[in-house]
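Asker: Below is target34.txt; it holds compact mmCIF, C-alpha atoms.
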```txt
# COMPACT_ATOMS: atom_id res chain seq x y z
CA MET A 296 -6.93 30.84 25.08
CA LYS A 297 -3.36 31.54 24.07
CA ASN A 298 -1.28 29.07 22.13
CA LYS A 299 0.88 27.06 24.48
CA GLU A 300 4.60 27.74 24.19
CA PHE A 301 7.15 25.32 22.82
CA SER A 302 8.80 23.08 25.37
CA ALA A 303 12.18 24.62 26.11
CA THR A 304 13.97 21.31 25.90
CA ARG A 305 12.04 18.82 23.78
CA PRO A 306 9.15 20.12 21.67
CA VAL A 307 6.49 17.56 20.68
CA ILE A 308 5.39 17.05 17.07
CA ASP A 309 2.42 14.85 16.10
CA PHE A 310 2.39 13.15 12.70
CA ILE A 311 -0.87 11.99 11.12
CA THR A 312 -0.52 9.79 8.02
CA LEU A 313 -3.38 9.24 5.61
CA GLY A 314 -3.44 7.05 2.52
CA CYS A 315 -1.07 4.32 1.44
CA SER A 316 2.08 2.70 2.77
CA LYS A 317 4.15 4.85 0.41
CA ASN A 318 2.96 7.88 2.38
CA LEU A 319 3.83 6.06 5.59
CA VAL A 320 7.44 5.68 4.47
CA ASP A 321 7.61 9.45 3.82
CA SER A 322 6.24 10.17 7.28
CA GLU A 323 8.71 7.79 8.90
CA THR A 324 11.59 9.43 7.04
CA LEU A 325 10.62 12.91 8.21
CA MET A 326 9.90 11.67 11.74
CA GLY A 327 13.42 10.28 11.91
CA LEU A 328 14.85 13.64 10.89
CA PHE A 329 12.84 15.47 13.56
CA ALA A 330 13.76 12.93 16.23
CA ALA A 331 17.44 13.38 15.37
CA ALA A 332 16.92 17.15 15.69
CA GLY A 333 15.72 16.73 19.28
CA PHE A 334 11.94 16.62 18.88
CA GLU A 335 9.67 14.17 20.64
CA VAL A 336 7.64 12.55 17.86
CA THR A 337 4.31 10.72 17.93
CA HIS A 338 2.40 9.07 15.09
CA ASP A 339 -1.37 8.72 14.65
CA SER A 340 -1.89 9.36 18.34
CA ASP A 341 -5.40 8.83 19.72
CA ASP A 342 -4.90 11.98 21.76
CA PRO A 343 -2.41 14.32 20.03
CA GLN A 344 -0.96 16.81 22.49
CA GLY A 345 2.02 18.25 20.62
CA GLN A 346 2.69 21.88 19.90
CA ILE A 347 3.12 21.04 16.21
CA ALA A 348 1.06 18.76 13.94
CA VAL A 349 2.06 17.49 10.50
CA ILE A 350 -0.62 15.87 8.34
CA ASN A 351 0.54 13.70 5.46
CA THR A 352 -2.35 13.67 3.01
CA CYS A 353 -3.73 11.42 0.28
CA GLY A 354 -5.20 12.79 -2.96
CA PHE A 355 -5.85 9.60 -4.92
CA ILE A 356 -9.65 9.34 -5.03
CA GLU A 357 -12.55 11.49 -3.83
CA ASP A 358 -13.09 9.68 -0.52
CA ALA A 359 -9.38 9.93 0.33
CA LYS A 360 -9.30 13.62 -0.56
CA GLN A 361 -12.31 14.29 1.64
CA GLU A 362 -10.74 12.44 4.56
CA SER A 363 -7.59 14.53 4.17
CA ILE A 364 -9.54 17.80 4.08
CA ASP A 365 -11.65 16.80 7.09
CA THR A 366 -8.51 15.96 9.06
CA ILE A 367 -6.87 19.27 8.17
CA LEU A 368 -9.99 21.18 9.24
CA GLU A 369 -10.14 19.24 12.51
CA PHE A 370 -6.59 20.25 13.39
CA ALA A 371 -7.16 23.80 12.14
CA GLU A 372 -9.97 24.03 14.69
CA ARG A 373 -7.65 22.73 17.41
CA LYS A 374 -5.23 25.48 16.48
CA GLU A 375 -7.99 28.13 16.60
CA GLN A 376 -8.94 26.89 20.08
CA GLY A 377 -5.35 27.24 21.27
CA HIS A 378 -4.58 23.54 21.58
CA LEU A 379 -2.01 23.61 18.80
CA GLN A 380 0.66 26.15 17.92
CA LYS A 381 1.66 25.19 14.39
CA LEU A 382 -0.03 23.13 11.67
CA TYR A 383 1.73 21.83 8.56
CA VAL A 384 0.43 19.75 5.66
CA MET A 385 2.36 17.58 3.21
CA GLY A 386 1.71 14.79 0.72
CA CYS A 387 -0.35 14.12 -2.37
CA LEU A 388 -3.29 16.45 -1.72
CA SER A 389 -1.11 19.52 -1.26
CA GLU A 390 1.10 18.46 -4.17
CA ARG A 391 -1.92 18.60 -6.48
CA TYR A 392 -4.11 21.36 -5.03
CA LEU A 393 -1.63 23.72 -3.36
CA ALA A 394 -3.02 27.02 -4.65
CA ASP A 395 -6.63 26.19 -3.77
CA LEU A 396 -5.73 24.84 -0.33
CA GLU A 397 -3.63 27.85 0.64
CA LYS A 398 -6.59 30.08 -0.17
CA GLU A 399 -9.28 27.95 1.48
CA ILE A 400 -7.49 26.94 4.70
CA PRO A 401 -5.29 29.86 5.83
CA GLU A 402 -4.92 28.34 9.33
CA VAL A 403 -2.23 26.03 7.94
CA ASP A 404 1.24 27.45 8.59
CA GLY A 405 2.98 25.68 5.74
CA TRP A 406 2.14 23.47 2.79
CA TYR A 407 4.55 20.88 1.41
CA GLY A 408 4.12 18.51 -1.48
CA LYS A 409 5.09 14.93 -2.15
CA PHE A 410 8.81 15.56 -2.60
CA ASN A 411 9.87 18.74 -0.75
CA TYR A 412 8.71 17.70 2.73
CA ARG A 413 12.28 17.57 4.12
CA GLN A 414 12.29 21.36 3.79
CA LEU A 415 9.88 21.45 6.74
CA LEU A 416 12.68 20.56 9.16
CA GLN A 417 14.81 23.47 7.97
CA ASP A 418 11.84 25.84 8.05
CA ILE A 419 11.13 24.96 11.68
CA THR A 420 14.66 24.60 13.05
CA GLY A 421 16.72 26.69 10.63
CA LYS A 422 19.00 23.69 10.09
CA LYS A 423 19.20 21.74 6.85
CA PRO A 424 19.45 17.96 7.27
CA GLU A 425 22.68 16.64 5.77
CA ALA A 426 21.01 13.38 4.68
CA ASP A 427 18.17 11.08 5.59
CA GLY A 428 18.97 9.34 8.85
CA ASP A 429 17.26 6.37 10.44
CA ARG A 430 13.56 6.10 9.66
CA MET A 431 11.39 6.09 12.77
CA LEU A 432 9.34 2.97 12.16
CA THR A 433 5.65 3.22 13.04
CA THR A 434 4.96 -0.44 12.27
CA PRO A 435 5.65 -3.25 14.73
CA ALA A 436 9.41 -3.65 15.04
CA HIS A 437 9.58 -6.86 12.99
CA TYR A 438 8.16 -5.57 9.69
CA THR A 439 8.37 -2.52 7.49
CA TYR A 440 7.81 -1.15 3.99
CA ILE A 441 10.59 -0.45 1.51
CA LYS A 442 9.81 2.05 -1.23
CA ILE A 443 11.93 1.39 -4.32
CA ALA A 444 10.60 4.07 -6.68
CA GLU A 445 8.48 7.19 -7.00
CA GLY A 446 6.06 8.17 -9.73
CA CYS A 447 4.59 6.21 -12.61
CA ASP A 448 5.06 6.11 -16.37
CA ARG A 449 1.80 4.24 -16.96
CA HIS A 450 -1.09 6.44 -18.00
CA CYS A 451 -4.18 4.45 -17.13
CA ALA A 452 -7.27 6.43 -18.09
CA TYR A 453 -8.76 6.64 -14.60
CA CYS A 454 -5.64 7.26 -12.50
CA ALA A 455 -4.50 10.60 -11.09
CA ILE A 456 -1.26 9.28 -9.62
CA PRO A 457 0.99 10.36 -12.55
CA LEU A 458 -0.56 13.84 -12.29
CA ILE A 459 0.55 13.97 -8.65
CA THR A 460 3.85 12.13 -8.59
CA GLY A 461 5.19 12.61 -12.12
CA ARG A 462 7.41 10.19 -14.05
CA HIS A 463 8.73 6.93 -12.62
CA ARG A 464 12.02 7.38 -10.75
CA SER A 465 13.84 4.29 -9.51
CA ARG A 466 15.93 4.53 -6.35
CA PRO A 467 19.56 3.43 -6.73
CA MET A 468 19.79 -0.29 -6.04
CA GLN A 469 22.66 -0.03 -3.58
CA GLU A 470 20.80 2.61 -1.60
CA ILE A 471 17.85 0.23 -1.24
CA LEU A 472 20.08 -2.71 -0.27
CA ASP A 473 21.89 -0.56 2.31
CA GLU A 474 18.55 0.45 3.83
CA VAL A 475 17.41 -3.17 4.05
CA SER A 476 20.72 -4.20 5.62
CA LYS A 477 20.50 -1.44 8.21
CA LEU A 478 16.90 -2.28 9.09
CA ALA A 479 17.65 -6.00 9.29
CA ALA A 480 20.47 -5.21 11.73
CA ARG A 481 17.88 -3.35 13.83
CA GLY A 482 15.74 -6.49 14.01
CA VAL A 483 13.32 -6.00 11.12
CA ARG A 484 12.55 -9.40 9.61
CA GLU A 485 9.79 -8.79 7.05
CA PHE A 486 10.17 -6.37 4.14
CA ASN A 487 7.15 -5.36 2.08
CA ILE A 488 8.46 -3.93 -1.19
CA ILE A 489 6.33 -1.12 -2.58
CA ALA A 490 6.20 1.26 -5.54
CA GLN A 491 3.47 2.70 -7.68
CA GLU A 492 4.64 0.26 -10.36
CA LEU A 493 7.06 -2.33 -9.03
CA THR A 494 7.86 -4.09 -12.30
CA TYR A 495 9.04 -0.87 -14.00
CA TYR A 496 11.97 -0.65 -11.60
CA GLY A 497 15.23 0.02 -13.46
CA ILE A 498 13.83 0.95 -16.85
CA ASP A 499 14.38 4.67 -16.30
CA THR A 500 17.94 4.24 -15.04
CA CYS A 501 19.29 1.22 -16.93
CA GLY A 502 16.85 0.70 -19.76
CA ARG A 503 15.75 -2.71 -18.47
CA GLN A 504 13.71 -4.22 -15.67
CA LEU A 505 15.85 -4.80 -12.59
CA ILE A 506 13.27 -5.94 -10.06
CA ALA A 507 14.42 -9.59 -10.22
CA GLU A 508 18.03 -8.61 -9.62
CA LEU A 509 17.05 -6.33 -6.74
CA VAL A 510 14.96 -9.00 -5.00
CA ASP A 511 17.65 -11.63 -5.56
CA LYS A 512 20.25 -9.46 -3.81
CA MET A 513 17.84 -8.45 -1.09
CA ALA A 514 17.05 -12.07 -0.30
CA ALA A 515 20.74 -12.73 0.39
CA ILE A 516 20.96 -10.13 3.16
CA GLU A 517 21.42 -11.63 6.60
CA GLY A 518 18.34 -11.36 8.80
CA VAL A 519 15.80 -10.99 5.99
CA GLU A 520 13.11 -13.59 6.72
CA TRP A 521 10.34 -12.47 4.36
CA ILE A 522 10.19 -10.30 1.24
CA ARG A 523 6.73 -9.54 -0.13
CA LEU A 524 6.04 -7.84 -3.46
CA HIS A 525 3.37 -5.18 -3.99
CA TYR A 526 1.86 -3.35 -6.95
CA ALA A 527 3.07 -5.17 -10.06
CA TYR A 528 1.67 -4.33 -13.48
CA PRO A 529 0.35 -6.98 -15.91
CA ALA A 530 1.80 -5.64 -19.17
CA HIS A 531 5.43 -6.59 -19.94
CA PHE A 532 5.70 -8.64 -16.77
CA PRO A 533 9.36 -9.47 -15.84
CA TRP A 534 9.29 -13.27 -15.97
CA ASP A 535 12.78 -13.60 -14.46
CA LEU A 536 11.21 -12.47 -11.19
CA LEU A 537 9.43 -15.81 -10.90
CA ALA A 538 12.74 -17.70 -10.97
CA VAL A 539 13.89 -15.56 -8.02
CA MET A 540 10.67 -16.37 -6.14
CA ARG A 541 11.32 -20.09 -6.65
CA LYS A 542 15.01 -19.78 -5.73
CA HIS A 543 14.63 -18.12 -2.34
CA ASP A 544 12.53 -19.45 0.52
CA ASN A 545 12.46 -15.96 2.05
CA VAL A 546 10.74 -14.43 -0.99
CA CYS A 547 7.07 -14.93 -0.15
CA LYS A 548 4.89 -16.78 -2.62
CA TYR A 549 2.72 -13.69 -2.86
CA LEU A 550 2.21 -11.11 -5.57
CA ASP A 551 0.03 -8.00 -5.52
CA ILE A 552 -0.89 -7.28 -9.15
CA ALA A 553 -3.82 -4.98 -9.93
CA LEU A 554 -5.64 -6.24 -13.03
CA GLN A 555 -8.66 -3.85 -12.93
CA HIS A 556 -10.79 -5.67 -15.53
CA ILE A 557 -10.84 -8.48 -18.07
CA SER A 558 -12.99 -7.50 -21.05
CA ASP A 559 -11.03 -6.18 -24.03
CA ASN A 560 -13.50 -3.30 -24.31
CA MET A 561 -12.73 -2.14 -20.75
CA LEU A 562 -9.00 -2.83 -20.89
CA ASP A 563 -8.73 -0.75 -24.05
CA ARG A 564 -10.82 2.13 -22.69
CA MET A 565 -8.84 2.02 -19.45
CA ARG A 566 -5.57 2.21 -21.45
CA ARG A 567 -4.13 -0.82 -19.69
CA ASN A 568 -1.90 -2.00 -22.56
CA VAL A 569 -2.93 -5.63 -22.07
CA THR A 570 -5.64 -7.90 -23.50
CA LYS A 571 -8.08 -10.40 -22.07
CA LYS A 572 -6.13 -13.31 -23.58
CA GLU A 573 -2.82 -12.00 -22.20
CA THR A 574 -4.35 -11.57 -18.75
CA TYR A 575 -5.63 -15.15 -18.63
CA GLU A 576 -2.23 -16.38 -19.79
CA LEU A 577 -0.50 -14.21 -17.17
CA VAL A 578 -2.51 -15.67 -14.26
CA GLU A 579 -2.05 -19.19 -15.59
CA ARG A 580 1.71 -18.79 -15.93
CA LEU A 581 2.11 -17.18 -12.49
CA ARG A 582 0.41 -20.17 -10.88
CA ARG A 583 2.31 -22.70 -13.00
CA GLU A 584 5.78 -21.27 -12.42
CA VAL A 585 5.36 -20.48 -8.70
CA PRO A 586 3.27 -23.33 -7.24
CA GLY A 587 1.27 -22.22 -4.23
CA ILE A 588 1.52 -18.52 -5.05
CA HIS A 589 -1.19 -16.32 -3.54
CA LEU A 590 -2.33 -13.55 -5.86
CA ARG A 591 -3.81 -10.29 -4.62
CA THR A 592 -5.58 -8.14 -7.18
CA THR A 593 -7.87 -5.14 -7.41
CA LEU A 594 -10.77 -4.87 -9.84
CA MET A 595 -12.92 -1.94 -10.93
CA VAL A 596 -16.62 -1.89 -11.78
CA GLY A 597 -18.65 0.87 -13.38
CA PHE A 598 -15.94 2.36 -15.57
CA PRO A 599 -17.46 4.54 -18.31
CA GLY A 600 -18.93 2.37 -21.03
CA GLU A 601 -19.00 -0.84 -18.97
CA THR A 602 -21.84 -2.97 -20.34
CA GLU A 603 -23.63 -5.94 -18.81
CA GLU A 604 -21.56 -8.15 -21.11
CA ASP A 605 -18.31 -6.54 -19.88
CA PHE A 606 -19.37 -7.19 -16.31
CA ARG A 607 -20.39 -10.77 -17.07
CA GLU A 608 -16.89 -11.38 -18.45
CA LEU A 609 -15.45 -9.97 -15.24
CA VAL A 610 -17.61 -12.26 -13.11
CA GLU A 611 -16.52 -15.30 -15.13
CA PHE A 612 -12.89 -14.26 -14.80
CA VAL A 613 -13.13 -13.97 -11.00
CA LYS A 614 -14.74 -17.41 -10.81
CA TRP A 615 -12.01 -18.85 -13.02
CA ALA A 616 -9.00 -17.13 -11.43
CA ARG A 617 -10.07 -17.78 -7.81
CA PHE A 618 -7.83 -15.07 -6.46
CA GLU A 619 -6.68 -15.79 -2.93
CA ARG A 620 -7.00 -12.08 -2.08
CA MET A 621 -9.15 -9.66 -4.05
CA GLY A 622 -10.47 -6.17 -3.57
CA ALA A 623 -12.84 -4.22 -5.78
CA PHE A 624 -14.12 -0.67 -6.03
CA ALA A 625 -16.53 1.38 -8.07
CA TYR A 626 -15.18 3.90 -10.55
CA SER A 627 -15.16 7.52 -9.44
CA GLU A 628 -14.23 10.30 -11.83
CA GLU A 629 -11.00 12.13 -11.03
CA GLU A 630 -10.48 15.53 -12.59
CA GLY A 631 -7.63 15.86 -15.05
CA THR A 632 -7.52 12.17 -15.93
CA PHE A 633 -8.00 10.87 -19.46
CA SER A 634 -11.35 9.28 -18.60
CA ALA A 635 -12.68 12.44 -16.97
CA ASP A 636 -11.73 14.48 -20.02
CA ASN A 637 -12.89 11.99 -22.66
CA TYR A 638 -15.64 9.76 -21.28
CA LYS A 639 -19.03 10.33 -19.73
CA ASP A 640 -19.47 8.71 -16.32
CA ASP A 641 -22.50 6.84 -17.64
CA VAL A 642 -22.93 3.85 -15.31
CA PRO A 643 -25.53 4.77 -12.65
CA ALA A 644 -24.36 4.68 -9.03
CA ASP A 645 -26.86 1.97 -8.05
CA ILE A 646 -25.65 -0.28 -10.88
CA LYS A 647 -22.04 0.26 -9.80
CA GLN A 648 -22.95 -0.76 -6.26
CA GLN A 649 -24.88 -3.84 -7.40
CA ARG A 650 -21.94 -4.99 -9.49
CA LEU A 651 -19.51 -4.33 -6.68
CA ASP A 652 -21.63 -6.26 -4.19
CA LYS A 653 -21.96 -9.21 -6.55
CA LEU A 654 -18.21 -9.44 -7.12
CA MET A 655 -17.47 -9.34 -3.41
CA ARG A 656 -20.09 -12.00 -2.62
CA ILE A 657 -18.39 -14.29 -5.12
CA GLN A 658 -14.99 -13.49 -3.63
CA GLN A 659 -16.20 -14.15 -0.10
CA ASN A 660 -17.06 -17.73 -1.06
CA ILE A 661 -13.74 -18.15 -2.85
CA SER A 662 -11.88 -16.83 0.16
CA LEU A 663 -13.66 -19.31 2.44
CA ASP A 664 -12.64 -22.16 0.14
CA VAL A 665 -9.04 -20.93 0.00
CA GLU A 666 -8.72 -20.61 3.77
CA THR A 667 -10.59 -23.86 4.53
CA ALA A 668 -8.09 -25.73 2.33
CA LYS A 669 -5.39 -24.77 4.85
CA VAL A 670 -7.10 -26.62 7.73
CA GLY A 671 -4.91 -29.51 8.84
CA LYS A 672 -1.76 -27.99 7.33
CA THR A 673 1.30 -26.73 9.17
CA LEU A 674 2.18 -23.15 8.26
CA ARG A 675 4.85 -20.70 9.36
CA VAL A 676 3.49 -17.52 10.91
CA VAL A 677 4.89 -14.34 12.37
CA ILE A 678 3.13 -12.91 15.43
CA ASP A 679 2.07 -9.28 14.98
CA ARG A 680 0.23 -8.52 18.22
CA LEU A 681 -1.78 -9.77 21.20
CA GLU A 682 -5.45 -8.84 20.98
CA GLY A 683 -7.97 -10.05 23.56
CA ASP A 684 -7.85 -13.82 23.84
CA TYR A 685 -5.63 -14.33 20.80
CA PHE A 686 -2.18 -13.77 19.43
CA ILE A 687 -2.63 -12.47 15.88
CA GLY A 688 -0.20 -13.72 13.26
CA ARG A 689 0.20 -13.92 9.50
CA THR A 690 1.54 -16.43 7.02
CA GLU A 691 3.77 -15.54 4.06
CA PHE A 692 0.53 -15.34 2.06
CA SER A 693 -0.80 -12.31 3.94
CA SER A 694 0.28 -8.70 3.86
CA PRO A 695 -0.12 -6.59 7.03
CA GLU A 696 -3.52 -5.01 7.71
CA VAL A 697 -5.26 -6.06 4.49
CA ASP A 698 -5.11 -9.87 4.33
CA PRO A 699 -6.40 -12.80 6.42
CA GLU A 700 -4.77 -13.35 9.79
CA VAL A 701 -4.07 -16.37 11.99
CA LEU A 702 -5.54 -16.46 15.51
CA ILE A 703 -3.73 -18.47 18.19
CA GLY A 704 -4.89 -18.75 21.80
CA ALA A 705 -3.25 -16.27 24.17
CA ASP A 706 -2.47 -19.09 26.61
CA GLU A 707 0.36 -20.28 24.35
CA GLN A 708 2.78 -17.57 25.56
CA LEU A 709 4.15 -16.53 22.17
CA GLN A 710 6.44 -13.58 21.46
CA ILE A 711 5.49 -10.71 19.16
CA GLY A 712 7.79 -10.55 16.15
CA LYS A 713 8.81 -14.20 16.36
CA PHE A 714 8.10 -16.93 13.79
CA TYR A 715 6.36 -20.18 14.67
CA ASP A 716 5.16 -23.29 12.90
CA VAL A 717 1.46 -23.72 13.64
CA ALA A 718 -1.20 -26.29 12.87
CA VAL A 719 -4.33 -24.80 11.32
CA THR A 720 -7.44 -26.09 13.10
CA ASP A 721 -10.30 -24.02 11.65
CA ALA A 722 -11.07 -21.36 9.05
CA GLU A 723 -13.45 -18.51 8.31
CA GLU A 724 -13.72 -16.36 5.18
CA PHE A 725 -10.90 -14.07 6.24
CA ASP A 726 -9.22 -15.71 9.25
CA LEU A 727 -7.55 -18.93 10.30
CA TYR A 728 -7.39 -20.50 13.75
CA ALA A 729 -4.28 -22.43 14.75
CA THR A 730 -2.23 -23.88 17.56
CA THR A 731 1.51 -24.30 18.07
CA LYS A 732 0.86 -27.64 19.76
CA ILE A 733 1.62 -29.68 16.66
```
Render the structure in this file as structure tokens.

Answerer:
Amino acid sequence: MKNKEFSATRPVIDFITLGCSKNLVDSETLMGLFAAAGFEVTHDSDDPQGQIAVINTCGFIEDAKQESIDTILEFAERKEQGHLQKLYVMGCLSERYLADLEKEIPEVDGWYGKFNYRQLLQDITGKKPEADGDRMLTTPAHYTYIKIAEGCDRHCAYCAIPLITGRHRSRPMQEILDEVSKLAARGVREFNIIAQELTYYGIDTCGRQLIAELVDKMAAIEGVEWIRLHYAYPAHFPWDLLAVMRKHDNVCKYLDIALQHISDNMLDRMRRNVTKKETYELVERLRREVPGIHLRTTLMVGFPGETEEDFRELVEFVKWARFERMGAFAYSEEEGTFSADNYKDDVPADIKQQRLDKLMRIQQNISLDVETAKVGKTLRVVIDRLEGDYFIGRTEFSSPEVDPEVLIGADEQLQIGKFYDVAVTDAEEFDLYATTKI
């Protein structure tokens, strides 16, 4: 079968985004450029039919890399069968493994990394974009992600991100504020602020942390209903940020701060630049200075050298901290990282899994307690979608797609993207039930 020809008037290009919300922002930026150039653009279509496909890959951990490779091979087969004319790949995987990928998957017509993906538009159309235009949002119209920096200057032993993205680079503050203003004028109401390391913002450009100043100015923009903060770092935390969280009602009482572990042995081996004592004090101060704050964290089990005593300390920490949202994962060795080069991956896979399961069982009970405590309270929610018999919403304490949701009967005739005060009537481990009939 021959490759189908380009549409003479409006060629179709399918984007497939893998990995994190930072990748999603890159896809949306490039999609906006292609749409402005006259292409019809789809994203994560269940049935891609375009003449061109662009896959934005993740290269963070082994499972993510394998998913990216499997997706590339799937579309390469579509191209071989004549269902696709051109296939392009961008993102973290091709940034890190370009030479190997070019050799192993010749069906791909062009490889682009994490930062040169705008070149794809010029390579296809022959025209260089003058500047980034309007992002084509793939999220529901009322919320989006705002990326304030690239790269990372932290060198945690297990993490490959600095190898892929390089040094931390803060975006100019006014550029970020202009983007938020433009999106708010388009009707976006919720802004999830993201970076590989949020609290480092400004150090590379001004020599000091500017995240509090940025959020303070962002909160004053007309139309901004919610600002939610993702991916803070525990060492050298910018305490002036907490004053901003207290000052503004539209800065959500929510903080995503990956702590990874608690034992001094593990924190030192992980190169986290923080101690057990400092971590306990950090959590205590966050809760004291921002009453009602919901903390999301990520923890790791099975890092090289983790003993039963290290894990026991982690269990006790989870029981003490009672994180409102917590995820955990088992260590997997990533080539080129400090831990891969210097430590033996000596915790057996079955022990890693047992430790992971135990942590998540503990967290499941904590989550049930946290959500049950909301029964009888009135909370403000935004409605994300209608699904079956329920409208699905979220409170300020929940980030899209990863945190507990609020289910409200579909008979209440709510509007997607609107905010409502609801009365919580029931709770499960990861969901609330509510009614607007207060």

Asker: Taking 6 positions as the minimum chain separation for residues in the same chain, which residues sit within 6 Å of Val546 in chain A when counting all atoms listed in the file? Answer as a list of chain:residue names.

Answerer: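 Contacts, in chain order: A:Trp521, A:Ile522, A:Met540.
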
Asker: Hey, could you make a per-residue contact list for range 571-677 of chain A against range 706-727 of chain A with 10 Å as the cut-off, showing the nearest pair of atoms and its distance in Å to one decimal, counting only C-alpha atoms, sorted by chain and number, as JSON lines?

Answerer:
```
{"residue": "A:Arg620", "atom": "CA", "partner": "A:Phe725", "partner_atom": "CA", "distance": 9.4}
{"residue": "A:Gln658", "atom": "CA", "partner": "A:Glu724", "partner_atom": "CA", "distance": 9.4}
{"residue": "A:Gln659", "atom": "CA", "partner": "A:Glu724", "partner_atom": "CA", "distance": 6.2}
{"residue": "A:Asn660", "atom": "CA", "partner": "A:Glu724", "partner_atom": "CA", "distance": 7.2}
{"residue": "A:Ile661", "atom": "CA", "partner": "A:Glu724", "partner_atom": "CA", "distance": 8.2}
{"residue": "A:Ser662", "atom": "CA", "partner": "A:Glu724", "partner_atom": "CA", "distance": 5.4}
{"residue": "A:Leu663", "atom": "CA", "partner": "A:Glu724", "partner_atom": "CA", "distance": 4.0}
{"residue": "A:Asp664", "atom": "CA", "partner": "A:Glu724", "partner_atom": "CA", "distance": 7.8}
{"residue": "A:Val665", "atom": "CA", "partner": "A:Glu724", "partner_atom": "CA", "distance": 8.3}
{"residue": "A:Glu666", "atom": "CA", "partner": "A:Ala722", "partner_atom": "CA", "distance": 5.8}
{"residue": "A:Thr667", "atom": "CA", "partner": "A:Ala722", "partner_atom": "CA", "distance": 5.2}
{"residue": "A:Ala668", "atom": "CA", "partner": "A:Ala722", "partner_atom": "CA", "distance": 8.6}
{"residue": "A:Lys669", "atom": "CA", "partner": "A:Val719", "partner_atom": "CA", "distance": 6.6}
{"residue": "A:Val670", "atom": "CA", "partner": "A:Val719", "partner_atom": "CA", "distance": 4.9}
{"residue": "A:Gly671", "atom": "CA", "partner": "A:Val719", "partner_atom": "CA", "distance": 5.4}
{"residue": "A:Lys672", "atom": "CA", "partner": "A:Val719", "partner_atom": "CA", "distance": 5.7}
{"residue": "A:Thr673", "atom": "CA", "partner": "A:Ala718", "partner_atom": "CA", "distance": 4.5}
{"residue": "A:Leu674", "atom": "CA", "partner": "A:Val717", "partner_atom": "CA", "distance": 5.5}
{"residue": "A:Arg675", "atom": "CA", "partner": "A:Asp716", "partner_atom": "CA", "distance": 4.4}
{"residue": "A:Val676", "atom": "CA", "partner": "A:Tyr715", "partner_atom": "CA", "distance": 5.4}
{"residue": "A:Val677", "atom": "CA", "partner": "A:Phe714", "partner_atom": "CA", "distance": 4.4}
```

Asker: Between CA of Lys647 in chain A and CA of Ser627 in chain A, what is the distance, to one decimal in Å?

Answerer: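 Taking CA of Lys647 in chain A and CA of Ser627 in chain A, their separation equals 10.0 Å.
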
Asker: Can you list, as a PyMOL selection string, every protein, DNA or RNA residue that comes within 7 Å of range 684-687 of chain A when you count only C-alpha atoms, leaving out same-chain residues fewer than 3 positions away?

Answerer: chain A and resi 678-681+700-705

Asker: One decimal, in Å: what's the spacing between CA of Asp605 in chain A and CA of Glu619 in chain A?

Answerer: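 Going from CA of Asp605 in chain A over to CA of Glu619 in chain A, I get 22.5 Å.
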
Asker: Between A:Thr574, A:Thr731, A:Thr324, A:Thr337, which one has atoms that come closest to Pro424 in chain A, using all atoms listed in the file?

Answerer: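 Using all atoms listed in the file, Pro424 in chain A sits closest to A:Thr324.
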
Asker: With all atoms listed in the file as the atoms that count, which of A:Lys477, A:Glu628, A:Val596, A:Pro699 lies nearest to Asp652 in chain A?

Answerer: A:Val596

Asker: For a quick check of understanding, using all atoms listed in the file, which of A:Thr439, A:Thr730, A:Gln361, A:Thr632 has the smallest distance to Tyr453 in chain A?

Answerer: A:Thr632

Asker: Which distance in Å separates CA of Gly631 in chain A and CA of Leu458 in chain A, to one decimal?

Answerer: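 Value for the CA of Gly631 in chain A-CA of Leu458 in chain A distance: 7.9 Å.
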
Asker: Fewer than 3 positions away in the same chain doesn't count, so skip those; otherwise give me all residues within 6 Å of Tyr440 in chain A, counting all atoms listed in the file, as a ChimeraX atom specification.

Answerer: /A:486-488

Asker: Between A:Phe334, A:Phe618, A:Trp406, A:Phe692, single out the one closest to Glu579 in chain A, counting all atoms listed in the file.

Answerer: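 When distances to Glu579 in chain A are compared using all atoms listed in the file, the smallest one comes from A:Phe618.
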
Asker: Rank nothing, just name the residue among A:Ala515, A:Val475, A:Ile347, A:Cys501 nearest to Ile443 in chain A, using all atoms listed in the file.

Answerer: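 Closest to Ile443 in chain A of all the choices is A:Val475.
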
Asker: Which residue out of A:Gly405, A:Gly600, A:Gly622, A:Pro529 has the minimum interatomic distance to Leu577 in chain A when only C-alpha atoms are used?

Answerer: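 Counting only C-alpha atoms, the residue closest to Leu577 in chain A is A:Pro529.
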
Asker: As a VMD selection string, please: the residues near range 385-401 of chain A (cut-off 12 Å, only C-alpha atoms, same-chain neighbours under 6 positions excluded).

Answerer: chain A and resid 310 to 315 317 to 322 325 348 to 372 374 to 375 407 to 415 446 455 to 461 630 to 631

Asker: Could you list, as a list in words, every residue within 12 Å of Leu654 in chain A, counting all atoms listed in the file and ignoring same-chain residues fewer than 4 positions away?

Answerer: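 Near Leu654 in chain A, the qualifying residues are His556, Thr593, Leu594, Met595, Val596, Phe606, Arg607, Glu608, Leu609, Val610, Glu611, Phe612, Val613, Lys614, Arg617, Phe618, Met621, Gly622, Ala623, Phe624, Ala625, Lys647, Gln648, Gln649, Arg650, Gln658, Gln659, Asn660 and Ile661 of chain A.
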